[in-house]
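Text of the file work_26.txt, holding compact mmCIF, C-alpha atoms and all ligand atoms:
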```txt
# COMPACT_ATOMS: atom_id res chain seq x y z
CA MET A 1 0.00 0.00 0.00
CA PRO A 2 1.48 3.40 -0.93
CA LEU A 3 1.48 6.37 1.43
CA THR A 4 -1.89 7.83 2.30
CA HIS A 5 -2.22 11.57 1.83
CA THR A 6 -2.28 13.71 4.97
CA THR A 7 -5.38 15.46 3.59
CA ASP A 8 -7.29 12.16 3.52
CA LEU A 9 -6.22 11.28 7.07
CA PHE A 10 -7.25 14.72 8.31
CA ALA A 11 -10.64 14.59 6.58
CA LYS A 12 -11.44 11.23 8.16
CA ALA A 13 -10.14 12.25 11.58
CA LEU A 14 -12.27 15.40 11.58
CA LYS A 15 -15.32 13.41 10.53
CA GLY A 16 -14.69 10.66 13.06
CA LYS A 17 -13.76 13.10 15.85
CA TYR A 18 -10.52 11.38 16.72
CA ALA A 19 -6.92 12.60 16.68
CA LEU A 20 -4.04 11.26 14.65
CA GLY A 21 -0.86 10.39 16.48
CA ALA A 22 2.10 12.05 14.78
CA PHE A 23 5.04 10.09 16.13
CA ASN A 24 8.66 11.17 15.55
CA VAL A 25 10.95 8.56 14.04
CA ASN A 26 14.67 8.38 13.42
CA ASN A 27 15.57 4.67 13.36
CA MET A 28 14.30 1.23 12.41
CA GLU A 29 13.15 0.13 15.85
CA LEU A 30 10.99 3.22 16.37
CA ILE A 31 9.38 2.83 12.97
CA GLN A 32 8.71 -0.87 13.53
CA ALA A 33 7.31 -0.31 17.01
CA ILE A 34 4.94 2.47 15.96
CA VAL A 35 3.74 0.83 12.77
CA GLU A 36 3.21 -2.56 14.44
CA ALA A 37 1.30 -0.93 17.31
CA CYS A 38 -0.97 0.94 14.89
CA GLU A 39 -1.41 -2.13 12.72
CA GLU A 40 -2.55 -4.15 15.73
CA GLU A 41 -4.82 -1.35 16.90
CA LYS A 42 -6.08 -0.64 13.37
CA ALA A 43 -5.13 3.01 13.75
CA PRO A 44 -4.32 5.47 10.96
CA LEU A 45 -0.85 6.91 11.44
CA MET A 46 1.39 9.89 10.78
CA LEU A 47 5.12 9.31 10.94
CA GLN A 48 7.07 12.51 11.28
CA ILE A 49 10.69 13.29 10.63
CA SER A 50 12.61 16.28 11.96
CA LYS A 51 15.61 17.97 10.41
CA GLY A 52 17.73 16.35 13.12
CA ALA A 53 16.33 12.91 12.31
CA ARG A 54 17.22 13.39 8.65
CA GLN A 55 20.75 14.37 9.63
CA TYR A 56 21.07 11.43 12.02
CA ALA A 57 19.76 8.61 9.83
CA HIS A 58 20.08 10.08 6.32
CA PRO A 59 16.93 10.89 4.32
CA THR A 60 17.32 7.85 2.08
CA TYR A 61 17.50 5.43 5.01
CA LEU A 62 14.36 6.89 6.51
CA LYS A 63 12.56 6.84 3.19
CA LYS A 64 13.46 3.19 2.59
CA LEU A 65 12.60 2.15 6.14
CA ILE A 66 9.20 3.80 5.81
CA GLU A 67 8.68 2.19 2.42
CA ALA A 68 9.38 -1.18 4.03
CA ALA A 69 6.97 -0.46 6.88
CA VAL A 70 4.26 0.66 4.47
CA SER A 71 4.69 -2.44 2.30
CA LEU A 72 4.44 -4.73 5.34
CA SER A 73 1.34 -3.10 6.82
CA THR A 74 -2.24 -2.49 5.81
CA ILE A 75 -3.02 0.70 7.74
CA PRO A 76 -2.97 4.17 6.13
CA ILE A 77 0.32 5.98 6.81
CA ALA A 78 1.24 9.59 5.99
CA VAL A 79 4.74 11.08 6.22
CA HIS A 80 5.29 14.58 7.56
CA LEU A 81 8.26 16.93 8.00
CA ASP A 82 8.35 18.11 11.62
CA HIS A 83 9.57 21.66 12.34
CA GLY A 84 10.90 22.50 8.89
CA ASP A 85 12.95 25.65 9.38
CA THR A 86 13.61 26.76 5.82
CA PHE A 87 11.87 26.80 2.46
CA GLU A 88 14.73 24.68 1.07
CA LEU A 89 14.24 21.89 3.60
CA CYS A 90 10.49 21.88 3.00
CA LYS A 91 11.07 21.76 -0.76
CA GLU A 92 13.44 18.80 -0.41
CA CYS A 93 10.84 16.86 1.54
CA ILE A 94 8.03 17.82 -0.82
CA ASP A 95 10.18 16.64 -3.74
CA GLU A 96 10.87 13.37 -1.88
CA GLY A 97 7.14 12.70 -1.65
CA PHE A 98 6.27 13.68 1.94
CA THR A 99 2.52 14.09 2.15
CA SER A 100 2.80 17.15 4.39
CA VAL A 101 5.42 19.50 5.77
CA MET A 102 5.57 21.87 8.69
CA ILE A 103 7.21 25.22 8.20
CA ASP A 104 7.91 26.60 11.64
CA ALA A 105 8.42 30.34 11.51
CA SER A 106 6.58 30.89 14.77
CA HIS A 107 9.54 32.79 16.23
CA GLU A 108 9.23 35.43 13.47
CA THR A 109 6.86 38.40 13.42
CA PHE A 110 3.31 37.70 12.27
CA GLU A 111 4.02 39.24 8.84
CA LYS A 112 7.27 37.37 8.32
CA ASN A 113 5.69 34.11 9.49
CA VAL A 114 2.92 34.62 6.90
CA GLU A 115 5.43 35.40 4.16
CA ILE A 116 7.59 32.31 4.86
CA CYS A 117 4.58 30.01 5.15
CA LYS A 118 3.00 31.34 1.97
CA LYS A 119 6.11 30.58 -0.04
CA VAL A 120 6.07 26.98 1.19
CA VAL A 121 2.31 26.70 0.64
CA ASP A 122 2.61 27.87 -2.98
CA TYR A 123 5.26 25.26 -3.74
CA ALA A 124 3.57 22.50 -1.74
CA HIS A 125 0.14 23.00 -3.27
CA ALA A 126 1.62 22.86 -6.76
CA HIS A 127 3.21 19.51 -5.82
CA ASN A 128 0.39 17.62 -4.09
CA CYS A 129 1.55 18.37 -0.58
CA VAL A 130 -0.05 20.23 2.33
CA VAL A 131 1.44 22.53 4.94
CA GLU A 132 1.27 22.98 8.69
CA GLY A 133 2.13 26.41 10.06
CA GLU A 134 2.49 27.55 13.65
CA LEU A 135 1.27 30.69 15.32
CA GLY A 136 2.21 31.52 18.89
CA MET A 137 5.28 30.29 20.72
CA LEU A 138 5.42 27.21 22.85
CA VAL A 139 6.81 27.63 26.34
CA GLY A 140 9.76 25.57 27.45
CA ALA A 141 12.64 23.83 25.77
CA GLN A 142 11.95 25.00 22.22
CA HIS A 143 12.98 28.53 23.09
CA ASP A 144 15.20 27.84 26.06
CA ASP A 145 18.54 26.39 26.84
CA GLY A 146 18.65 23.31 28.88
CA GLU A 147 15.97 20.80 27.98
CA GLU A 148 18.07 18.14 29.67
CA GLY A 149 18.85 20.38 32.58
CA GLY A 150 15.21 21.13 33.15
CA GLY A 151 15.14 24.80 32.19
CA TYR A 152 11.78 26.50 32.22
CA SER A 153 10.85 29.23 29.84
CA LYS A 154 9.35 32.37 31.21
CA GLY A 155 8.44 33.27 27.66
CA GLY A 156 6.08 31.74 25.16
CA ALA A 157 3.09 33.40 23.57
CA TYR A 158 -0.33 31.82 23.37
CA THR A 159 -2.18 31.77 20.05
CA HIS A 160 -4.89 34.41 19.75
CA PRO A 161 -8.12 33.23 18.06
CA ASP A 162 -8.53 36.29 15.82
CA GLU A 163 -4.89 36.21 14.80
CA ALA A 164 -5.24 32.52 13.99
CA VAL A 165 -7.99 33.36 11.51
CA ALA A 166 -5.98 36.16 9.93
CA PHE A 167 -2.90 33.94 9.77
CA VAL A 168 -4.64 31.01 8.10
CA LYS A 169 -6.32 33.33 5.58
CA ALA A 170 -3.13 35.17 4.70
CA SER A 171 -0.72 32.22 4.60
CA GLY A 172 -3.00 29.54 3.14
CA VAL A 173 -1.66 26.87 5.52
CA ASP A 174 -3.73 23.70 5.66
CA SER A 175 -3.38 23.06 9.39
CA LEU A 176 -2.29 25.17 12.32
CA ALA A 177 -0.11 24.34 15.30
CA VAL A 178 -1.27 26.28 18.33
CA ALA A 179 0.34 27.39 21.56
CA ILE A 180 -2.09 26.82 24.42
CA GLY A 181 0.28 25.91 27.24
CA ASN A 182 1.84 22.96 25.45
CA SER A 183 5.61 22.61 25.49
CA HIS A 184 8.34 20.36 24.09
CA GLY A 185 10.54 17.96 26.00
CA ALA A 186 10.52 16.18 29.35
CA TYR A 187 10.56 19.29 31.55
CA LYS A 188 7.54 21.14 30.30
CA PHE A 189 6.39 23.02 33.37
CA LYS A 190 7.00 23.63 37.00
CA GLY A 191 4.56 21.34 38.77
CA GLU A 192 1.30 20.27 37.21
CA GLN A 193 -0.10 22.52 34.53
CA HIS A 194 -3.07 22.26 32.22
CA LEU A 195 -3.69 23.21 28.62
CA ASP A 196 -5.77 26.32 28.02
CA LEU A 197 -8.65 24.34 26.57
CA GLU A 198 -11.00 27.35 26.51
CA ARG A 199 -8.52 29.08 24.21
CA LEU A 200 -8.43 26.00 22.00
CA LYS A 201 -12.24 26.07 21.78
CA ALA A 202 -12.15 29.79 20.93
CA ILE A 203 -9.59 29.24 18.15
CA LYS A 204 -11.63 26.41 16.68
CA LYS A 205 -14.81 28.50 16.82
CA ALA A 206 -13.17 31.59 15.34
CA LEU A 207 -11.98 29.54 12.35
CA LEU A 208 -15.41 28.00 11.93
CA ASP A 209 -17.17 31.38 12.17
CA ALA A 210 -14.75 32.81 9.60
CA GLY A 211 -15.88 30.18 7.09
CA MET A 212 -12.90 27.83 7.37
CA GLY A 213 -15.05 24.90 8.41
CA ASP A 214 -13.83 22.23 10.77
CA TYR A 215 -10.24 23.40 10.48
CA PRO A 216 -7.48 20.98 11.60
CA LEU A 217 -5.47 22.13 14.62
CA VAL A 218 -2.20 20.59 15.74
CA LEU A 219 -0.86 20.07 19.24
CA HIS A 220 2.91 19.99 19.57
CA GLY A 221 4.63 19.05 22.80
CA ALA A 222 1.93 16.54 23.62
CA SER A 223 3.99 13.99 25.50
CA SER A 224 2.66 13.23 28.94
CA VAL A 225 6.12 12.35 30.32
CA PRO A 226 4.85 9.33 32.30
CA LYS A 227 6.17 9.21 35.84
CA ASP A 228 6.58 5.44 35.74
CA LEU A 229 8.97 5.79 32.80
CA ALA A 230 11.00 8.51 34.54
CA ASP A 231 11.12 6.33 37.67
CA GLU A 232 12.21 3.31 35.68
CA ILE A 233 14.96 5.28 33.92
CA ASN A 234 16.21 6.50 37.30
CA LYS A 235 15.87 3.08 38.93
CA TYR A 236 18.30 1.70 36.36
CA GLY A 237 20.93 4.39 36.69
CA GLY A 238 19.41 7.31 34.77
CA LYS A 239 19.31 10.84 36.04
CA MET A 240 16.08 12.41 34.93
CA GLY A 241 15.31 15.30 37.23
CA THR A 242 12.53 15.07 39.78
CA ASP A 243 11.02 18.02 37.93
CA THR A 244 9.95 16.15 34.78
CA ALA A 245 6.43 17.17 33.77
CA GLY A 246 4.16 16.56 30.81
CA VAL A 247 0.71 17.40 29.49
CA PRO A 248 -1.86 15.31 31.38
CA GLU A 249 -3.36 12.70 29.08
CA ALA A 250 -6.83 13.77 30.20
CA ASP A 251 -6.13 17.23 28.72
CA ILE A 252 -5.06 15.68 25.41
CA GLU A 253 -8.24 13.68 25.40
CA ILE A 254 -10.30 16.86 25.79
CA ALA A 255 -8.19 18.65 23.16
CA ARG A 256 -9.04 15.81 20.79
CA ARG A 257 -12.74 16.27 21.46
CA VAL A 258 -12.47 20.02 20.97
CA GLY A 259 -10.84 19.47 17.59
CA CYS A 260 -7.10 18.87 17.75
CA THR A 261 -6.59 16.62 14.76
CA LYS A 262 -2.86 15.94 14.95
CA VAL A 263 -1.06 15.29 18.23
CA ASN A 264 2.77 15.24 18.23
CA ILE A 265 4.59 12.78 20.44
CA ASP A 266 8.33 12.27 20.64
CA THR A 267 9.59 12.58 24.22
CA ASP A 268 7.43 9.71 25.54
CA LEU A 269 8.89 7.42 22.84
CA ARG A 270 12.42 8.43 23.82
CA MET A 271 11.67 7.73 27.47
CA ALA A 272 10.16 4.31 26.76
CA MET A 273 13.16 3.33 24.68
CA THR A 274 15.64 4.58 27.28
CA ALA A 275 13.86 2.86 30.18
CA ALA A 276 13.93 -0.50 28.41
CA ILE A 277 17.57 -0.23 27.37
CA ARG A 278 18.70 0.88 30.82
CA LYS A 279 16.87 -2.06 32.37
CA VAL A 280 18.72 -4.56 30.20
CA PHE A 281 22.06 -2.87 30.82
CA ALA A 282 21.48 -2.82 34.57
CA GLU A 283 20.14 -6.35 34.88
CA SER A 284 22.42 -8.01 32.32
CA PRO A 285 25.68 -6.06 32.29
CA LYS A 286 27.35 -8.84 30.34
CA GLU A 287 24.97 -8.36 27.42
CA PHE A 288 26.45 -6.82 24.30
CA ASP A 289 24.19 -8.06 21.49
CA PRO A 290 22.27 -4.94 20.37
CA ARG A 291 19.22 -7.05 19.58
CA LYS A 292 18.99 -7.94 23.26
CA TYR A 293 18.41 -4.33 24.27
CA LEU A 294 16.95 -2.79 21.11
CA GLY A 295 14.36 -5.59 21.00
CA PRO A 296 12.96 -4.78 24.48
CA ALA A 297 13.17 -1.07 23.62
CA ARG A 298 11.05 -1.67 20.53
CA ALA A 299 8.54 -3.68 22.56
CA LYS A 300 8.26 -0.92 25.17
CA VAL A 301 7.66 1.78 22.53
CA LYS A 302 5.03 -0.43 20.92
CA GLU A 303 3.19 -0.84 24.21
CA LEU A 304 3.23 2.95 24.74
CA VAL A 305 1.92 3.69 21.23
CA ARG A 306 -0.88 1.13 21.61
CA HIS A 307 -1.96 2.93 24.76
CA LYS A 308 -1.83 6.38 23.11
CA VAL A 309 -3.87 5.46 20.05
CA ARG A 310 -6.40 3.43 22.02
CA ASP A 311 -6.90 5.40 25.22
CA VAL A 312 -5.87 8.99 24.45
CA LEU A 313 -6.20 9.78 20.75
CA CYS A 314 -9.07 7.36 20.13
CA CYS A 315 -7.97 6.68 16.56
CA ALA A 316 -7.72 2.93 17.21
CA GLY A 317 -10.19 1.02 15.07
CA HIS A 318 -10.47 3.83 12.49
CA ALA A 319 -7.83 2.72 9.97
CA PHE A 320 -10.35 1.41 7.48
CA ASP A 321 -13.26 3.85 7.96
O1 LIG A 401 9.77 18.95 18.61
C1 LIG A 401 10.77 18.42 18.17
C2 LIG A 401 10.86 16.95 18.05
O2 LIG A 401 10.80 16.34 19.32
C3 LIG A 401 12.06 16.55 17.26
O3 LIG A 401 13.21 16.70 18.00
O4 LIG A 401 14.73 18.02 16.55
O5 LIG A 401 15.61 16.55 18.40
O6 LIG A 401 14.66 15.55 16.32
P1 LIG A 401 14.65 16.71 17.26
P1 LIG A 402 7.08 16.19 22.91
O1 LIG A 402 8.44 16.69 23.23
O2 LIG A 402 6.10 16.59 23.96
O3 LIG A 402 7.04 14.74 22.62
O4 LIG A 402 6.61 16.95 21.56
C1 LIG A 402 7.02 16.48 20.31
C2 LIG A 402 6.73 17.44 19.22
O5 LIG A 402 6.02 18.40 19.36
C3 LIG A 402 7.32 17.16 17.91
O6 LIG A 402 7.06 18.19 17.00
ZN ZN A 403 6.97 20.12 17.95
```

Rewrite the structure from the file as structure tokens, please.
Amino acid sequence: MPLTHTTDLFAKALKGKYALGAFNVNNMELIQAIVEACEEEKAPLMLQISKGARQYAHPTYLKKLIEAAVSLSTIPIAVHLDHGDTFELCKECIDEGFTSVMIDASHETFEKNVEICKKVVDYAHAHNCVVEGELGMLVGAQHDDGEEGGGYSKGGAYTHPDEAVAFVKASGVDSLAVAIGNSHGAYKFKGEQHLDLERLKAIKKALLDAGMGDYPLVLHGASSVPKDLADEINKYGGKMGTDTAGVPEADIEIARRVGCTKVNIDTDLRMAMTAAIRKVFAESPKEFDPRKYLGPARAKVKELVRHKVRDVLCCAGHAFD
């Protein structure tokens, strides 16, 4: 089965009122774990690749690995560029056949953000690809030093509903990433914090009232940073701070109902993988066959993804709608 277009996945997700998991990948085990989990849960899937992932694995390796996964599965799979930072990178991915790209110019002024997005949109739309833009700035690691050290951003700027409408109209982006208290990484907030779900509702309504229909919104920084994974990492010699914090899964579940169509998850995958590998290293220090630790890591990621698609995003069972 070839790739499924992001537009088709979005249309079905909006109709079915579920969210798509957009999981970051950069190696074979992650791709296998995510695709197998979604295959077993009959969930439609978005695999996303960052600039860093392309640099780490090489674009051709990722492309071939995804081709293999697609040929061995029956579920619909779209491929998306995560946090594209230049027109050139977006163009490369569009030319390689990605079904959607994100151009992230959220750190620019409104006008500049529009201008950069529009250029990508014009090229993408002429080449059967769609574009995600971002308006507002996420708090936390994205704009701070020290993700690993647990730095907290004082900054960040929430997305304003009226500006969202103006931005979508002017740039022509096909989906919009919003800042509503979400944040990247494993140290998102100080203590427990919730998404501004009223703001999310207002953004959705403003777009609807402006004639943009049931417009797809995207939630970045949607890892929940499970405490049991942080504890397991630390139990087996890791040093994740006691101040790890994520978006509560209950908030994501509400965001899905309000109309977040794409939910980005990377950190939770990294934590699952790390916990499993550390466990093997700690319990079997003589082990040096990579399959003996990458295998359990793959199994742990798979278990996590099954939980996300079934219990949080509610896209399980919708692959063949
Ligand atoms: O939000 C960013 C993603 O987690 C990708 O991270 O740039 O380290 O690959 P990366
Ligand atoms: P997390 O760091 O919360 O997993 O967010 C990932 C993300 O937004 C990728 O674009
Ligand atoms: Zn992101």

Quiz prompt | Exercise: Gly238 (chain A) partners within 12 Å, only C-alpha atoms, chain neighbours under 2 positions left out, as a PyMOL selection string | solution = chain A and resi 229-236+240-242+271+274-279+281-282

Quiz prompt | Neighbourhood of ligand LIG 402 (chain A) at 7 Å, counting only C-alpha atoms and all ligand atoms, reported as a list in words | solution =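 Checked against 7 Å with only C-alpha atoms and all ligand atoms; the hits are Asn24, Asp82, His83, Ser183, His184, Gly185, Ala186, His220, Gly221, Ala222, Ser223, Ser224, Asn264, Ile265, Asp266, Thr267 and Asp268 of chain A.
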
Just to be explicit: take each residue in the selection above, keep C-alpha atoms, and write the result as a PDB file, keeping the file's coordinate frame.
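Resulting contents of again-v3.pdb:
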```pdb
ATOM      1  CA  ASN A  24       8.660  11.170  15.550  1.00  0.00           C
ATOM      2  CA  ASP A  82       8.350  18.110  11.620  1.00  0.00           C
ATOM      3  CA  HIS A  83       9.570  21.660  12.340  1.00  0.00           C
ATOM      4  CA  SER A 183       5.610  22.610  25.490  1.00  0.00           C
ATOM      5  CA  HIS A 184       8.340  20.360  24.090  1.00  0.00           C
ATOM      6  CA  GLY A 185      10.540  17.960  26.000  1.00  0.00           C
ATOM      7  CA  ALA A 186      10.520  16.180  29.350  1.00  0.00           C
ATOM      8  CA  HIS A 220       2.910  19.990  19.570  1.00  0.00           C
ATOM      9  CA  GLY A 221       4.630  19.050  22.800  1.00  0.00           C
ATOM     10  CA  ALA A 222       1.930  16.540  23.620  1.00  0.00           C
ATOM     11  CA  SER A 223       3.990  13.990  25.500  1.00  0.00           C
ATOM     12  CA  SER A 224       2.660  13.230  28.940  1.00  0.00           C
ATOM     13  CA  ASN A 264       2.770  15.240  18.230  1.00  0.00           C
ATOM     14  CA  ILE A 265       4.590  12.780  20.440  1.00  0.00           C
ATOM     15  CA  ASP A 266       8.330  12.270  20.640  1.00  0.00           C
ATOM     16  CA  THR A 267       9.590  12.580  24.220  1.00  0.00           C
ATOM     17  CA  ASP A 268       7.430   9.710  25.540  1.00  0.00           C
TER      18      ASP A 268
END
```

Practice problem: For region 110-127 of chain A, please output as a ChimeraX atom specification all residues within 12 Å (counting only C-alpha atoms; exclusion window: fewer than 4 positions along the same chain). | Solution: /A:7,84-106,131-137,159-160,163-176

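Note that the spacing between CA of Gly16 (chain A) and CA of Arg199 (chain A) amounts to 22.4 Å.
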
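Relative to CA of Pro2 (chain A), CA of His318 (chain A) is found at 18.0 Å.
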
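Taking CA of His5 (chain A) and CA of Ala78 (chain A) as endpoints, the distance between them is 5.8 Å.
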
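Closest approach to Pro226 (chain A) among A:His194, A:Lys262, A:Lys308, A:Lys292 is made by A:Lys308 (distances from all atoms listed in the file).
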
Quiz item: What's the 7 Å shell around region 34-50 of chain A, counting all atoms listed in the file, without same-chain residues fewer than 6 positions away, as a list of chain:residue names?
Solution: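 Within the cut-off, the hits are A:Leu20, A:Gly21, A:Ala22, A:Phe23, A:Asn24, A:Val25, A:Asn26, A:Ala69, A:Ser73, A:Thr74, A:Ile75, A:Pro76, A:Ile77, A:Ala78, A:Val79, A:His80, A:Leu81, A:Asp82, A:His83, A:Lys302, A:Val305, A:Arg306, A:Val309, A:Cys315, A:Ala316, A:Gly317, A:His318, A:Ala319.
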
Self-check item: Within-12 Å shell of (-11.3, 16.2, 26.6) in input frame, only C-alpha atoms, as a PyMOL selection string
Solution: chain A and resi 17-19+194-198+200-201+248-260+311-314

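Minimum atom-to-atom distances from A:Asp321, A:Pro216, A:Ala157, A:Ala33 to Thr109 (chain A) were compared using all atoms listed in the file, and the lowest value belongs to A:Ala157.
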
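Proximity of A:Val301, A:Ile31, A:Leu9, A:Ala179 to ligand ZN 403 (chain A), computed with all atoms listed in the file, is greatest for A:Ala179.
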
Edge lengths and centre, in Å to one decimal, as AutoDock Vina command-line options: that's what I need for the box along x, y and z that holds all listed atoms of region 252-255 of chain A plus 8 Å on each side.
```
--center_x -7.7 --center_y 16.2 --center_z 24.5 --size_x 21.2 --size_y 21.0 --size_z 18.6
```
